[in-house]
>>> print(open('model.txt').read())   # compact mmCIF, C-alpha atoms and all ligand atoms
# COMPACT_ATOMS: atom_id res chain seq x y z
CA MET A 20 65.60 88.44 -160.95
CA ALA A 21 63.42 91.14 -162.42
CA LEU A 22 64.58 94.67 -161.80
CA VAL A 23 62.36 96.91 -159.80
CA ARG A 24 61.02 99.66 -161.98
CA ASP A 25 57.86 100.20 -160.06
CA ASN A 26 57.03 103.35 -158.14
CA ARG A 27 53.54 102.49 -156.98
CA PHE A 28 54.54 102.72 -153.30
CA LEU A 29 54.71 106.48 -153.85
CA ASN A 30 51.61 108.26 -152.73
CA LEU A 31 51.59 111.48 -154.70
CA LYS A 32 49.29 114.15 -153.40
CA LEU A 33 47.93 116.63 -155.91
CA SER A 34 46.64 120.09 -155.13
CA LEU A 35 43.00 120.84 -155.85
CA PRO A 36 42.50 121.58 -159.54
CA GLN A 37 40.56 124.59 -160.84
CA ALA A 38 36.89 124.17 -161.60
CA SER A 39 36.32 122.60 -164.99
CA THR A 40 35.42 124.78 -167.95
CA THR A 41 34.91 123.56 -171.48
CA ILE A 42 34.10 119.94 -172.04
CA PHE A 43 34.10 118.45 -175.49
CA PRO A 44 32.48 115.14 -176.40
CA CYS A 45 34.08 112.15 -174.81
CA CYS A 46 36.79 110.51 -176.87
CA PHE A 47 36.42 107.26 -174.97
CA PRO A 48 32.88 106.01 -175.64
CA MET A 49 31.71 103.13 -173.53
CA ALA A 50 31.30 99.79 -175.27
CA ALA A 51 27.95 99.22 -176.93
CA THR A 52 27.30 96.23 -174.69
CA THR A 53 27.75 98.23 -171.53
CA THR A 54 26.27 101.55 -172.59
CA ALA A 55 22.69 100.81 -171.67
CA SER A 56 23.46 100.06 -168.05
CA ALA A 57 26.59 102.15 -167.65
CA LYS A 58 25.52 105.58 -168.86
CA VAL A 59 24.13 107.78 -166.13
CA THR A 60 20.64 108.76 -167.01
CA CYS A 61 19.27 111.87 -165.40
CA VAL A 62 16.78 114.48 -166.56
CA ALA A 63 15.14 113.65 -169.89
CA ASN A 64 17.37 110.66 -170.46
CA ASN A 65 20.47 112.75 -170.99
CA THR A 66 23.73 111.37 -169.78
CA VAL A 67 25.59 113.23 -167.05
CA SER A 68 28.01 115.88 -168.22
CA ALA A 69 30.97 117.00 -166.16
CA THR A 70 29.42 120.47 -165.74
CA ASP A 71 26.39 118.88 -164.00
CA LEU A 72 28.58 117.77 -161.12
CA ASP A 73 29.57 119.59 -157.93
CA ARG A 74 32.61 118.49 -155.97
CA ILE A 75 31.96 117.65 -152.33
CA ASN A 76 35.40 116.55 -151.13
CA VAL A 77 38.53 114.59 -152.01
CA LEU A 78 38.18 110.84 -151.41
CA GLY A 79 41.81 110.05 -152.02
CA SER A 80 44.76 110.28 -154.38
CA GLY A 81 46.69 107.65 -156.23
CA ASN A 82 49.53 107.62 -158.73
CA SER A 83 47.22 108.42 -161.59
CA GLY A 84 45.18 111.22 -160.08
CA THR A 85 42.70 112.35 -157.46
CA VAL A 86 39.25 110.95 -156.72
CA TYR A 87 36.46 113.32 -155.64
CA LYS A 88 33.08 112.69 -154.12
CA VAL A 89 30.69 114.58 -156.38
CA THR A 90 26.98 115.18 -156.51
CA HIS A 91 24.73 115.66 -159.50
CA LYS A 92 23.24 119.17 -159.35
CA THR A 93 19.74 118.09 -160.34
CA THR A 94 19.30 114.55 -159.09
CA SER A 95 21.55 114.85 -155.96
CA GLU A 96 22.92 111.42 -156.88
CA ILE A 97 26.41 110.85 -155.45
CA TYR A 98 29.31 109.59 -157.59
CA ALA A 99 33.07 109.25 -157.38
CA LEU A 100 34.95 111.24 -160.02
CA LYS A 101 38.56 110.33 -160.73
CA LYS A 102 40.41 113.27 -162.26
CA VAL A 103 43.42 111.88 -164.02
CA LYS A 104 46.71 113.76 -163.68
CA GLU A 105 47.48 115.92 -166.72
CA ASP A 106 51.28 115.76 -166.63
CA MET A 107 51.42 112.03 -167.24
CA ASP A 108 54.51 110.31 -168.56
CA SER A 109 54.11 107.83 -171.40
CA THR A 110 53.85 104.84 -169.02
CA SER A 111 51.00 106.43 -167.08
CA ARG A 112 49.23 107.47 -170.30
CA CYS A 113 49.53 103.90 -171.50
CA GLN A 114 48.04 102.69 -168.21
CA LEU A 115 45.16 105.13 -168.56
CA LEU A 116 44.34 103.92 -172.06
CA ARG A 117 44.51 100.34 -170.83
CA GLU A 118 42.24 101.14 -167.89
CA ILE A 119 39.72 102.74 -170.25
CA GLU A 120 39.89 99.76 -172.61
CA ILE A 121 39.05 97.45 -169.70
CA LEU A 122 36.35 99.70 -168.24
CA ARG A 123 34.64 99.59 -171.63
CA LEU A 124 34.65 95.80 -171.56
CA VAL A 125 33.40 95.06 -168.06
CA ASP A 126 29.92 95.11 -166.58
CA SER A 127 29.53 93.16 -163.37
CA PRO A 128 28.01 93.73 -159.92
CA TYR A 129 31.42 92.78 -158.47
CA ILE A 130 33.33 95.50 -160.29
CA VAL A 131 33.05 99.22 -159.55
CA LYS A 132 30.87 100.58 -162.31
CA CYS A 133 32.26 103.22 -164.61
CA HIS A 134 29.38 105.43 -165.68
CA ASP A 135 31.16 107.73 -168.08
CA ILE A 136 34.49 109.14 -169.14
CA PHE A 137 34.95 112.86 -169.84
CA GLN A 138 37.74 114.60 -171.69
CA LYS A 139 38.37 118.35 -171.84
CA HIS A 140 40.03 120.28 -174.69
CA SER A 141 43.17 120.41 -172.57
CA GLY A 142 43.29 116.61 -172.65
CA GLU A 143 42.29 116.30 -168.99
CA VAL A 144 40.42 113.05 -168.48
CA SER A 145 37.94 112.27 -165.68
CA ILE A 146 36.28 108.95 -164.95
CA LEU A 147 32.81 108.98 -163.38
CA MET A 148 32.30 105.95 -161.15
CA GLU A 149 29.80 104.47 -158.80
CA TYR A 150 30.44 105.82 -155.27
CA MET A 151 31.46 103.22 -152.67
CA ASP A 152 30.67 104.90 -149.36
CA LEU A 153 32.81 102.76 -147.06
CA GLY A 154 36.04 103.21 -149.01
CA THR A 155 38.69 100.55 -149.40
CA LEU A 156 39.25 97.29 -147.55
CA GLU A 157 42.35 98.85 -145.98
CA SER A 158 40.11 100.19 -143.24
CA LEU A 159 39.17 96.62 -142.24
CA ARG A 160 42.76 95.70 -141.40
CA GLY A 161 42.95 95.08 -137.68
CA SER A 162 39.20 95.55 -137.23
CA ALA A 163 38.70 92.16 -135.54
CA ILE A 164 36.73 90.90 -138.53
CA THR A 165 35.28 87.39 -138.17
CA GLU A 166 35.89 84.54 -140.61
CA ASP A 167 32.22 84.62 -141.61
CA GLN A 168 32.45 88.33 -142.47
CA LEU A 169 35.63 87.66 -144.41
CA ALA A 170 33.94 84.83 -146.32
CA LEU A 171 31.25 87.28 -147.48
CA ILE A 172 33.97 89.59 -148.80
CA ALA A 173 36.06 86.79 -150.32
CA ARG A 174 33.07 85.40 -152.23
CA GLN A 175 32.36 88.74 -153.90
CA VAL A 176 35.99 89.41 -154.82
CA LEU A 177 36.28 85.91 -156.28
CA LYS A 178 33.11 86.38 -158.31
CA GLY A 179 34.66 89.57 -159.69
CA LEU A 180 37.94 87.81 -160.44
CA ASN A 181 36.17 84.86 -162.02
CA TYR A 182 34.25 87.28 -164.25
CA LEU A 183 37.46 89.07 -165.27
CA HIS A 184 39.39 85.85 -165.88
CA GLU A 185 36.58 84.48 -168.04
CA LEU A 186 36.89 87.65 -170.13
CA LYS A 187 40.65 86.97 -170.27
CA ILE A 188 41.45 90.02 -168.18
CA VAL A 189 44.17 89.88 -165.51
CA HIS A 190 43.85 92.60 -162.88
CA ARG A 191 47.50 92.46 -161.68
CA ASP A 192 47.00 94.80 -158.73
CA ILE A 193 44.64 93.10 -156.30
CA LYS A 194 45.26 94.52 -152.80
CA PRO A 195 43.11 95.99 -150.00
CA ALA A 196 43.45 99.51 -151.48
CA ASN A 197 41.88 98.39 -154.76
CA LEU A 198 38.82 96.68 -153.25
CA LEU A 199 35.98 99.02 -152.32
CA ARG A 200 32.92 98.42 -150.16
CA ASN A 201 29.63 100.11 -149.48
CA SER A 202 27.03 100.05 -146.73
CA LYS A 203 24.95 97.51 -148.69
CA GLU A 204 27.71 94.99 -147.75
CA GLU A 205 28.88 94.96 -151.36
CA VAL A 206 32.55 94.61 -152.19
CA LYS A 207 33.83 95.47 -155.67
CA ILE A 208 37.09 95.40 -157.55
CA ALA A 209 38.49 98.76 -158.71
CA ASP A 210 41.53 100.29 -160.39
CA PHE A 211 42.41 98.66 -163.69
CA GLY A 212 45.48 100.83 -164.32
CA VAL A 213 47.85 97.89 -164.76
CA SER A 214 45.32 95.28 -165.85
CA LYS A 215 45.66 93.56 -169.15
CA VAL A 216 43.53 91.75 -171.66
CA VAL A 217 45.36 88.53 -172.40
CA VAL A 218 45.82 88.13 -176.12
CA LYS A 219 48.63 85.86 -177.30
CA SER A 220 51.83 86.68 -175.47
CA LEU A 221 50.77 85.22 -172.16
CA ASN A 222 54.10 85.41 -170.36
CA LYS A 223 54.33 89.16 -171.04
CA CYS A 224 51.55 89.49 -168.45
CA ASN A 225 54.14 88.67 -165.85
CA SER A 226 55.88 92.01 -166.39
CA PHE A 227 56.70 94.04 -163.31
CA ALA A 228 53.59 96.20 -163.13
CA GLY A 229 51.41 96.58 -160.07
CA THR A 230 52.20 96.82 -156.38
CA CYS A 231 55.26 94.69 -155.64
CA ALA A 232 54.18 93.70 -152.15
CA TYR A 233 51.27 91.59 -153.44
CA MET A 234 53.07 90.06 -156.45
CA SER A 235 53.20 86.31 -156.81
CA PRO A 236 56.56 84.44 -156.82
CA GLU A 237 56.40 83.91 -160.61
CA ARG A 238 55.90 87.66 -161.18
CA VAL A 239 58.58 88.80 -158.74
CA ASN A 240 61.08 86.40 -160.26
CA SER A 241 59.93 86.31 -163.86
CA GLU A 242 63.28 85.06 -165.09
CA ALA A 243 63.23 81.93 -162.93
CA ASP A 244 63.14 78.55 -164.60
CA VAL A 245 59.37 78.34 -164.72
CA ALA A 246 57.52 75.52 -166.48
CA GLU A 247 55.60 76.51 -169.63
CA GLU A 248 52.25 75.59 -168.05
CA ASP A 249 53.03 77.94 -165.15
CA LYS A 250 54.06 80.79 -167.46
CA ALA A 251 50.77 80.42 -169.31
CA ASN A 252 48.79 80.59 -166.08
CA VAL A 253 48.79 84.38 -165.78
CA TYR A 254 45.52 84.48 -163.86
CA ALA A 255 47.12 82.70 -160.90
CA GLY A 256 49.00 85.92 -160.04
CA ASP A 257 45.68 87.55 -159.13
CA ILE A 258 44.86 84.61 -156.85
CA TRP A 259 48.14 84.98 -154.95
CA SER A 260 47.44 88.70 -154.39
CA PHE A 261 43.87 87.88 -153.37
CA GLY A 262 45.07 85.26 -150.83
CA LEU A 263 47.56 87.71 -149.29
CA THR A 264 44.84 90.37 -149.13
CA MET A 265 42.37 88.07 -147.34
CA LEU A 266 45.02 86.95 -144.86
CA GLU A 267 46.12 90.54 -144.22
CA ILE A 268 42.57 91.64 -143.46
CA LEU A 269 42.08 88.79 -141.00
CA VAL A 270 45.40 89.04 -139.12
CA GLY A 271 45.54 92.84 -139.30
CA TYR A 272 49.05 93.22 -140.75
CA PHE A 273 50.85 92.52 -144.02
CA PRO A 274 51.57 88.78 -143.74
CA LEU A 275 54.90 88.56 -145.59
CA VAL A 276 56.89 90.43 -142.95
CA PRO A 277 56.81 90.22 -139.15
CA GLN A 278 54.08 92.27 -137.50
CA GLY A 279 55.08 95.92 -137.05
CA GLN A 280 57.89 95.76 -139.64
CA LYS A 281 57.63 97.93 -142.77
CA PRO A 282 58.22 95.74 -145.83
CA ASP A 283 61.36 96.83 -147.72
CA LEU A 284 61.92 95.46 -151.19
CA ALA A 285 64.78 93.07 -150.36
CA THR A 286 62.85 91.49 -147.48
CA LEU A 287 59.79 91.18 -149.68
CA ILE A 288 61.63 89.50 -152.54
CA CYS A 289 63.23 87.00 -150.15
CA ALA A 290 59.90 86.32 -148.45
CA VAL A 291 58.05 85.74 -151.72
CA CYS A 292 60.70 83.78 -153.59
CA LEU A 293 62.74 81.95 -150.95
CA GLU A 294 60.60 81.43 -147.88
CA GLU A 295 57.57 79.23 -147.38
CA SER A 296 54.22 80.78 -148.25
CA PRO A 297 52.53 82.54 -145.33
CA LYS A 298 49.91 80.53 -143.50
CA ALA A 299 46.76 81.39 -141.60
CA PRO A 300 47.30 81.47 -137.81
CA GLU A 301 46.90 78.21 -135.89
CA GLU A 302 43.72 79.41 -134.14
CA CYS A 303 41.84 79.87 -137.45
CA SER A 304 39.35 77.27 -138.70
CA GLU A 305 40.64 74.36 -140.78
CA GLU A 306 38.54 75.63 -143.71
CA PHE A 307 40.19 79.05 -143.64
CA LYS A 308 43.69 77.56 -143.28
CA SER A 309 43.05 75.36 -146.29
CA PHE A 310 41.53 78.27 -148.26
CA ILE A 311 44.66 80.39 -147.74
CA ASP A 312 46.88 77.43 -148.60
CA CYS A 313 44.99 76.96 -151.90
CA CYS A 314 45.53 80.66 -152.79
CA LEU A 315 49.17 80.89 -151.77
CA ARG A 316 50.72 77.84 -153.43
CA LYS A 317 54.11 78.79 -154.88
CA LYS A 318 53.55 76.98 -158.16
CA PRO A 319 50.91 78.82 -160.19
CA SER A 320 49.59 75.56 -161.64
CA GLU A 321 48.86 74.27 -158.12
CA ARG A 322 47.08 77.40 -157.00
CA TRP A 323 43.30 77.13 -157.21
CA THR A 324 41.44 79.19 -159.77
CA ALA A 325 38.76 81.73 -158.83
CA SER A 326 36.07 79.32 -159.97
CA GLN A 327 37.51 76.46 -157.87
CA LEU A 328 37.84 78.71 -154.83
CA LEU A 329 34.19 79.69 -155.09
CA ASN A 330 33.45 76.03 -154.29
CA HIS A 331 35.97 75.79 -151.45
CA PRO A 332 34.49 74.60 -148.10
CA PHE A 333 35.43 77.96 -146.49
CA LEU A 334 32.93 79.69 -148.74
CA LEU A 335 30.34 76.91 -148.71
CA ARG A 336 29.97 76.44 -144.96
CA GLN A 337 26.70 77.48 -143.31
CA HIS A 338 26.86 80.77 -141.44
N1 LIG A 401 34.48 104.56 -156.61
C1 LIG A 401 34.98 105.03 -155.45
N2 LIG A 401 34.18 105.27 -154.40
C2 LIG A 401 34.68 105.74 -153.24
N3 LIG A 401 36.00 106.01 -153.02
C3 LIG A 401 36.85 105.79 -154.04
C4 LIG A 401 36.40 105.30 -155.30
N4 LIG A 401 37.48 105.15 -156.11
C5 LIG A 401 38.53 105.55 -155.40
N5 LIG A 401 38.18 105.94 -154.15
C6 LIG A 401 39.05 106.45 -153.08
O1 LIG A 401 40.05 107.24 -153.68
C7 LIG A 401 41.34 106.72 -153.36
C8 LIG A 401 42.27 106.92 -154.54
O2 LIG A 401 41.81 106.15 -155.64
P1 LIG A 401 42.76 105.78 -156.83
O3 LIG A 401 42.10 104.77 -157.68
O4 LIG A 401 43.25 107.02 -157.50
O5 LIG A 401 43.90 105.28 -155.92
P2 LIG A 401 44.92 104.16 -156.02
O6 LIG A 401 44.26 102.83 -156.01
O7 LIG A 401 45.92 104.42 -154.98
O8 LIG A 401 45.41 104.50 -157.45
P3 LIG A 401 46.71 104.11 -158.19
O9 LIG A 401 46.74 102.60 -158.08
O10 LIG A 401 46.45 104.66 -159.54
O11 LIG A 401 47.83 104.73 -157.45
C9 LIG A 401 41.12 105.27 -153.00
O12 LIG A 401 42.12 104.80 -152.16
C10 LIG A 401 39.75 105.33 -152.34
O13 LIG A 401 39.90 105.69 -150.99
>>> encode(input="model.txt", output="structure tokens", more="lines below")
Ligand SMILES: Nc1ncnc2c1ncn2[C@@H]1O[C@H](COP(=O)(O)OP(=O)(O)OP(=O)(O)O)[C@@H](O)[C@H]1O
Amino acid sequence: MALVRDNRFLNLKLSLPQASTTIFPCCFPMAATTTASAKVTCVANNTVSATDLDRINVLGSGNSGTVYKVTHKTTSEIYALKKVKEDMDSTSRCQLLREIEILRLVDSPYIVKCHDIFQKHSGEVSILMEYMDLGTLESLRGSAITEDQLALIARQVLKGLNYLHELKIVHRDIKPANLLRNSKEEVKIADFGVSKVVVKSLNKCNSFAGTCAYMSPERVNSEADVAEEDKANVYAGDIWSFGLTMLEILVGYFPLVPQGQKPDLATLICAVCLEESPKAPEECSEEFKSFIDCCLRKKPSERWTASQLLNHPFLLRQH
């Protein structure tokens, strides 16, 4: 069984950094295809520079850095600015480069838009993103959400996943904390720190990166005797994580361990690899039960794809 090398359960808090000083031209230009829509235009068609932004407050911290709510001094437009930690080890630096590579590739209404990337002389990197005013889907856990409301969310996340998978990108860290929403009822996928563009070595995508709790059986136990067709189906890992996320939001607790219990690693590994997949509660609609079943099939090749799920009766029913 794969060894646990992951530390993403840690929630490192960083102290407020000093105000930024010199900024030199960005070393991470956005892709030509995305530039037109992704660059922030303000006065006289200039793009936003880091010195044009005022910090309002901290929105949250993750392993890779701290995210601030910022406002543009002239236009008063609000953005989220992720200031990446400076003292990164080589793994985190690698993740940052990968995240930037992916941000340059993507442009979809279902993915949090990256407007620009700044780098200072010191090497400090900041990512300017679209601001999602209602934060992550974590806040919906236990909020007595209805199936119809969940279907609206599920459809948008699946459209985002379908877009990524068509571009041969696996997200590898789908969970409530990486899905953001705003008051326009939009839900978007964020945080591409452990995502990967699939090139040739498909089964390498099953490496132990991401948040263990939401990992699919084939990723948790990557050394199991898995059929070639299942190894090649790297996108199915995102669908497992998506299914768990949807179920968690509806029932209000993490579905792989009994309600109220904190998931420790051993319990999680047993639950994912040895026990039956979690199911939607009996009182849910048949459509939702079937939807969850299609996402949480143990064999990756039997799990539905994002495009198939978009045509599942749970998402097609009249509201
Ligand atoms: N675009 C955004 N708009 C609004 N809030 C955001 C945005 N991006 C991030 N946040 C908030 O900042 C918090 C931290 O974001 P970040 O991406 O650093 O966290 P994370 O997902 O825990 O990261 P990591 O996976 O690198 O540990 C999020 O949990 C969210 O509350």
>>> atom_distance(input="model.txt", atom1="atom C2 of ligand LIG 401 (chain A)", atom2="CA of Ser326 (chain A)")
27.3 Å
>>> closest_atom_pairs(input="model.txt", of="chain A", to="ligand LIG 401 (chain A)", cutoff="6 Å", atoms="only C-alpha atoms and all ligand atoms", output="tab-separated table")
residue	atom	partner	partner_atom	distance
A:Leu78	CA	A:LIG401	O1	4.6
A:Gly79	CA	A:LIG401	C7	3.6
A:Ser80	CA	A:LIG401	C8	4.2
A:Gly81	CA	A:LIG401	O11	3.4
A:Asn82	CA	A:LIG401	O11	3.6
A:Ser83	CA	A:LIG401	O10	4.4
A:Gly84	CA	A:LIG401	O4	5.3
A:Thr85	CA	A:LIG401	O4	5.4
A:Val86	CA	A:LIG401	O1	4.9
A:Ala99	CA	A:LIG401	N1	5.0
A:Met148	CA	A:LIG401	N1	5.2
A:Glu149	CA	A:LIG401	N1	5.2
A:Tyr150	CA	A:LIG401	N2	3.9
A:Met151	CA	A:LIG401	N2	3.8
A:Asp152	CA	A:LIG401	C2	5.6
A:Gly154	CA	A:LIG401	N3	4.9
A:Thr155	CA	A:LIG401	O13	5.5
A:Ala196	CA	A:LIG401	O12	5.5
A:Asn197	CA	A:LIG401	O6	5.2
A:Asp210	CA	A:LIG401	O3	5.3
>>> closest_residue(input="model.txt", among="A:Glu237, A:Asp283, A:Glu267, A:Glu157", to="Arg316 (chain A)", atoms="only C-alpha atoms")
A:Glu237
>>> closest_residue(input="model.txt", among="A:Leu180, A:Leu100, A:Val77, A:Ile188", to="Ile258 (chain A)", atoms="only C-alpha atoms")
A:Leu180
>>> closest_residue(input="model.txt", among="A:Thr94, A:Trp323, A:Ser141, A:Leu159", to="Asp106 (chain A)", atoms="only C-alpha atoms")
A:Ser141
>>> atom_distance(input="model.txt", atom1="CA of Phe211 (chain A)", atom2="CA of Leu198 (chain A)")
11.2 Å
